[in-house]
Amino acid sequence: MSRRVAVSGYYGFGNTGDEAIALAITREIRKRGMTPLLLSNTPQESAQTFGSEAAARMKPLPLLSAVARSSVLLSGGGGLLQDKTSARTLSYYLGVIRLARMMGKRVVIFNQSVGPLSPEGGRKVAAALAGLRIIVRDGASLETLEGLGLKGELGGDPALLLSPTPELPRNLQSVIIAPRGDVIEALQPLQEVTVQLRRAGRHVTALSFMPDHDDVAAHALSANVVVSTRDPQTALDTIARSGYVIGVRLHALILAAAAGTPFSGIAYDPKVQGFCADAGAPSHPVSPTPSTLLDEAVRRVTPDWNAIEDMKLRASHSFIRALN
């Protein structure tokens, strides 16, 4: 009987970025001869999509049973340890960590971004994570941990390990813009960039990573075409066919890095700035200057591909550190 690995994250909510993390993690766990068990909002759907086991993340008995049947809990990936979204979110993820620790399970904080945290949130995280192996996906999170008196290791986002469908044709004149429905300040500048890109002869695709959340913003851009998907492979292949990505969504940038497509980020959250800094790619405030973004997209400003290769290697090695 293979070892079972429970994975706690924001899975089963129709967010393509988090589903990309789930796809990469379940694949890597299986490669190592173990059985992945996702804690999901839609367990049946997740089990079918990822060919894994799954359990209802918010139902006490299935959650308890899932942790009890596993030898390891990976908390992550994603930006789970923050209380900017809500204190309840942080309480949930720390609660799962504490439950697994109480049951004597090996717990690894796995390729997360840590923060932003309120002073109270920081104290809770410091207490819950004391003594655990903590692997984070960006340098800024290492600094946040240091401020909490915790020691972390640098890994990489698991979605960096995904590969596009082989031999896709790339159109260098194609630009993808991936908005976020709740980052209103970015919408008008991105509309302006879309208009200017189309005038410059570029084909613009608005990519909606979370259809329920981002579709209105994607359609408001007046792009040539809108692609709305919950499937990480579809998103990755769409990006792999294009020449440049402008992303408010973090995983639009991470999948661009995985696909070898240059990108610019709109840093609505420190994790976006952290990823762009580590990747040597440009990042902008939530109200970016359209002319600067336009210039980067037209010139196809390249990130530091060596730094991205290092990230991919760290992401791969992090599985060895977490599971051996």
# chains A, B, ... in the order shown; residues from 1 in each chain; ligands from 1

$ residues_around --residues "Arg170 in chain A" --least-positions-apart "2" --cutoff "12 Å" --atoms "only C-alpha atoms" --output "NGL selection string"
:A and (164-168 or 172-175 or 237-244 or 259-261)

$ select_by_dssp --residues "range 101-196 of chain A" --states "helix (DSSP H, G or I)" --output "VMD selection string"
chain A and resid 101 to 102 119 to 129 139 to 147 158 to 161 184 to 196

$ residues_around --residues "range 226-236 of chain A" --least-positions-apart "6" --cutoff "7 Å" --atoms "only C-alpha atoms" --output "PyMOL selection string"
chain A and resi 14-17+19-20+164+205-211+215+218-219+255+259

$ write_last_selection --atoms "N, CA and C atoms" --output "PDB file, in the first residue's frame"
ATOM      1  N   GLY A  14     -12.768  26.463  -8.691  1.00  0.00           N
ATOM      2  CA  GLY A  14     -12.803  26.978 -10.064  1.00  0.00           C
ATOM      3  C   GLY A  14     -11.789  28.060 -10.355  1.00  0.00           C
ATOM      4  N   ASN A  15     -10.699  28.102  -9.565  1.00  0.00           N
ATOM      5  CA  ASN A  15      -9.631  29.061  -9.827  1.00  0.00           C
ATOM      6  C   ASN A  15      -8.522  28.334 -10.583  1.00  0.00           C
ATOM      7  N   THR A  16      -8.296  28.712 -11.843  1.00  0.00           N
ATOM      8  CA  THR A  16      -7.359  27.984 -12.695  1.00  0.00           C
ATOM      9  C   THR A  16      -5.953  27.944 -12.111  1.00  0.00           C
ATOM     10  N   GLY A  17      -5.538  29.024 -11.440  1.00  0.00           N
ATOM     11  CA  GLY A  17      -4.200  29.048 -10.834  1.00  0.00           C
ATOM     12  C   GLY A  17      -4.037  27.974  -9.775  1.00  0.00           C
ATOM     13  N   GLU A  19      -5.910  25.329  -9.447  1.00  0.00           N
ATOM     14  CA  GLU A  19      -6.057  24.016 -10.088  1.00  0.00           C
ATOM     15  C   GLU A  19      -4.745  23.612 -10.781  1.00  0.00           C
ATOM     16  N   ALA A  20      -3.992  24.598 -11.267  1.00  0.00           N
ATOM     17  CA  ALA A  20      -2.674  24.311 -11.860  1.00  0.00           C
ATOM     18  C   ALA A  20      -1.725  23.767 -10.794  1.00  0.00           C
ATOM     19  N   PRO A 164       3.502  22.716 -21.542  1.00  0.00           N
ATOM     20  CA  PRO A 164       2.471  22.872 -22.577  1.00  0.00           C
ATOM     21  C   PRO A 164       2.413  21.625 -23.462  1.00  0.00           C
ATOM     22  N   THR A 205      -5.644  38.612 -26.524  1.00  0.00           N
ATOM     23  CA  THR A 205      -6.544  37.640 -25.907  1.00  0.00           C
ATOM     24  C   THR A 205      -6.725  38.010 -24.437  1.00  0.00           C
ATOM     25  N   ALA A 206      -7.971  38.184 -24.013  1.00  0.00           N
ATOM     26  CA  ALA A 206      -8.262  38.370 -22.586  1.00  0.00           C
ATOM     27  C   ALA A 206      -8.475  36.979 -21.991  1.00  0.00           C
ATOM     28  N   LEU A 207      -7.652  36.617 -21.007  1.00  0.00           N
ATOM     29  CA  LEU A 207      -7.699  35.266 -20.425  1.00  0.00           C
ATOM     30  C   LEU A 207      -8.292  35.340 -19.016  1.00  0.00           C
ATOM     31  N   SER A 208      -9.455  34.722 -18.844  1.00  0.00           N
ATOM     32  CA  SER A 208     -10.145  34.722 -17.552  1.00  0.00           C
ATOM     33  C   SER A 208      -9.794  33.448 -16.796  1.00  0.00           C
ATOM     34  N   PHE A 209      -9.069  33.611 -15.686  1.00  0.00           N
ATOM     35  CA  PHE A 209      -8.573  32.480 -14.903  1.00  0.00           C
ATOM     36  C   PHE A 209      -9.591  31.932 -13.917  1.00  0.00           C
ATOM     37  N   MET A 210     -10.569  32.761 -13.567  1.00  0.00           N
ATOM     38  CA  MET A 210     -11.599  32.318 -12.626  1.00  0.00           C
ATOM     39  C   MET A 210     -12.918  32.848 -13.177  1.00  0.00           C
ATOM     40  N   PRO A 211     -13.574  32.046 -14.048  1.00  0.00           N
ATOM     41  CA  PRO A 211     -14.712  32.558 -14.825  1.00  0.00           C
ATOM     42  C   PRO A 211     -15.752  33.327 -14.013  1.00  0.00           C
ATOM     43  N   ASP A 215     -14.692  37.065 -15.554  1.00  0.00           N
ATOM     44  CA  ASP A 215     -15.269  37.174 -16.905  1.00  0.00           C
ATOM     45  C   ASP A 215     -15.692  38.599 -17.270  1.00  0.00           C
ATOM     46  N   ALA A 218     -12.659  40.561 -18.080  1.00  0.00           N
ATOM     47  CA  ALA A 218     -12.066  40.082 -19.343  1.00  0.00           C
ATOM     48  C   ALA A 218     -12.839  40.623 -20.546  1.00  0.00           C
ATOM     49  N   HIS A 219     -14.164  40.579 -20.468  1.00  0.00           N
ATOM     50  CA  HIS A 219     -14.984  41.073 -21.584  1.00  0.00           C
ATOM     51  C   HIS A 219     -14.896  42.601 -21.714  1.00  0.00           C
ATOM     52  N   LEU A 255       2.486  30.456 -15.231  1.00  0.00           N
ATOM     53  CA  LEU A 255       2.328  29.594 -16.404  1.00  0.00           C
ATOM     54  C   LEU A 255       3.090  30.157 -17.602  1.00  0.00           C
ATOM     55  N   ALA A 259       5.885  28.166 -19.642  1.00  0.00           N
ATOM     56  CA  ALA A 259       5.760  28.001 -21.100  1.00  0.00           C
ATOM     57  C   ALA A 259       6.863  28.702 -21.888  1.00  0.00           C
TER      58      ALA A 259
END

$ closest_residue --among "A:Leu74, A:Ile134, A:Ala128, A:Val67" --to "Gly95 in chain A" --atoms "only C-alpha atoms"
A:Ala128

$ atom_distance --atom1 "CA of Phe319 in chain A" --atom2 "CA of Val72 in chain A"
12.0 Å

$ residues_around --residues "Thr42 in chain A" --least-positions-apart "3" --cutoff "9 Å" --atoms "only C-alpha atoms" --output "JSON, numbers by chain"
{"A": [11, 12, 13, 39, 45, 46, 47, 54, 55, 56, 57]}

$ residues_around --residues "Gly265 in chain A" --least-positions-apart "4" --cutoff "7 Å" --atoms "only C-alpha atoms" --output "number ranges by chain"
A: 246-248, 253, 272, 276, 282-284

$ residues_around --residues "Leu129 in chain A" --least-positions-apart "2" --cutoff "12 Å" --atoms "only C-alpha atoms" --output "ChimeraX atom specification"
/A:75,81,93-98,100-101,107-110,114,122-127,131-135,145,148-152

$ select_by_dssp --residues "range 42-161 of chain A" --states "strand (DSSP E or B)" --output "PyMOL selection string"
chain A and resi 53-56+72-75+78-81+106-114+133-136+153-154

$ write_last_selection --atoms "C-alpha atoms" --output "compact mmCIF listing (two decimals), in the first residue's frame"
# COMPACT_ATOMS: atom_id res chain seq x y z
CA GLU A 53 -8.23 10.73 -3.92
CA ALA A 54 -10.12 13.72 -2.50
CA ALA A 55 -12.08 14.68 0.61
CA ALA A 56 -14.46 17.53 1.53
CA VAL A 72 2.10 13.49 5.39
CA LEU A 73 0.19 16.78 5.12
CA LEU A 74 1.41 19.31 2.57
CA SER A 75 -0.05 22.72 3.41
CA GLY A 78 -0.63 28.96 -2.98
CA GLY A 79 -0.93 32.08 -0.85
CA LEU A 80 -2.73 30.46 2.07
CA LEU A 81 -0.96 31.98 5.08
CA ARG A 106 4.51 14.91 9.24
CA VAL A 107 3.50 18.45 8.22
CA VAL A 108 5.31 20.51 5.59
CA ILE A 109 4.44 24.10 4.64
CA PHE A 110 4.80 23.61 0.93
CA ASN A 111 5.74 26.25 -1.66
CA GLN A 112 3.50 28.92 -0.22
CA SER A 113 3.73 32.67 -0.20
CA VAL A 114 3.53 33.93 3.37
CA ARG A 133 9.73 22.37 7.67
CA ILE A 134 8.69 25.52 5.79
CA ILE A 135 9.28 25.77 2.05
CA VAL A 136 8.20 29.04 0.40
CA GLU A 153 13.71 27.34 2.68
CA LEU A 154 13.27 28.61 -0.87

$ residues_around --residues "Leu313 in chain A" --least-positions-apart "5" --cutoff "10 Å" --atoms "only C-alpha atoms" --output "PyMOL selection string"
chain A and resi 155-156+160-161+307-308+318

$ atom_distance --atom1 "CA of Leu221 in chain A" --atom2 "CA of Ala267 in chain A"
18.6 Å

$ atom_distance --atom1 "CA of Ile25 in chain A" --atom2 "CA of Gly77 in chain A"
8.4 Å

$ closest_residue --among "A:Thr144, A:Ser52, A:Gln191, A:Thr289" --to "Gly274 in chain A" --atoms "only C-alpha atoms"
A:Thr144

$ closest_residue --among "A:Asp214, A:Glu309, A:Asp138, A:Asp157" --to "Asp182 in chain A" --atoms "only C-alpha atoms"
A:Asp214
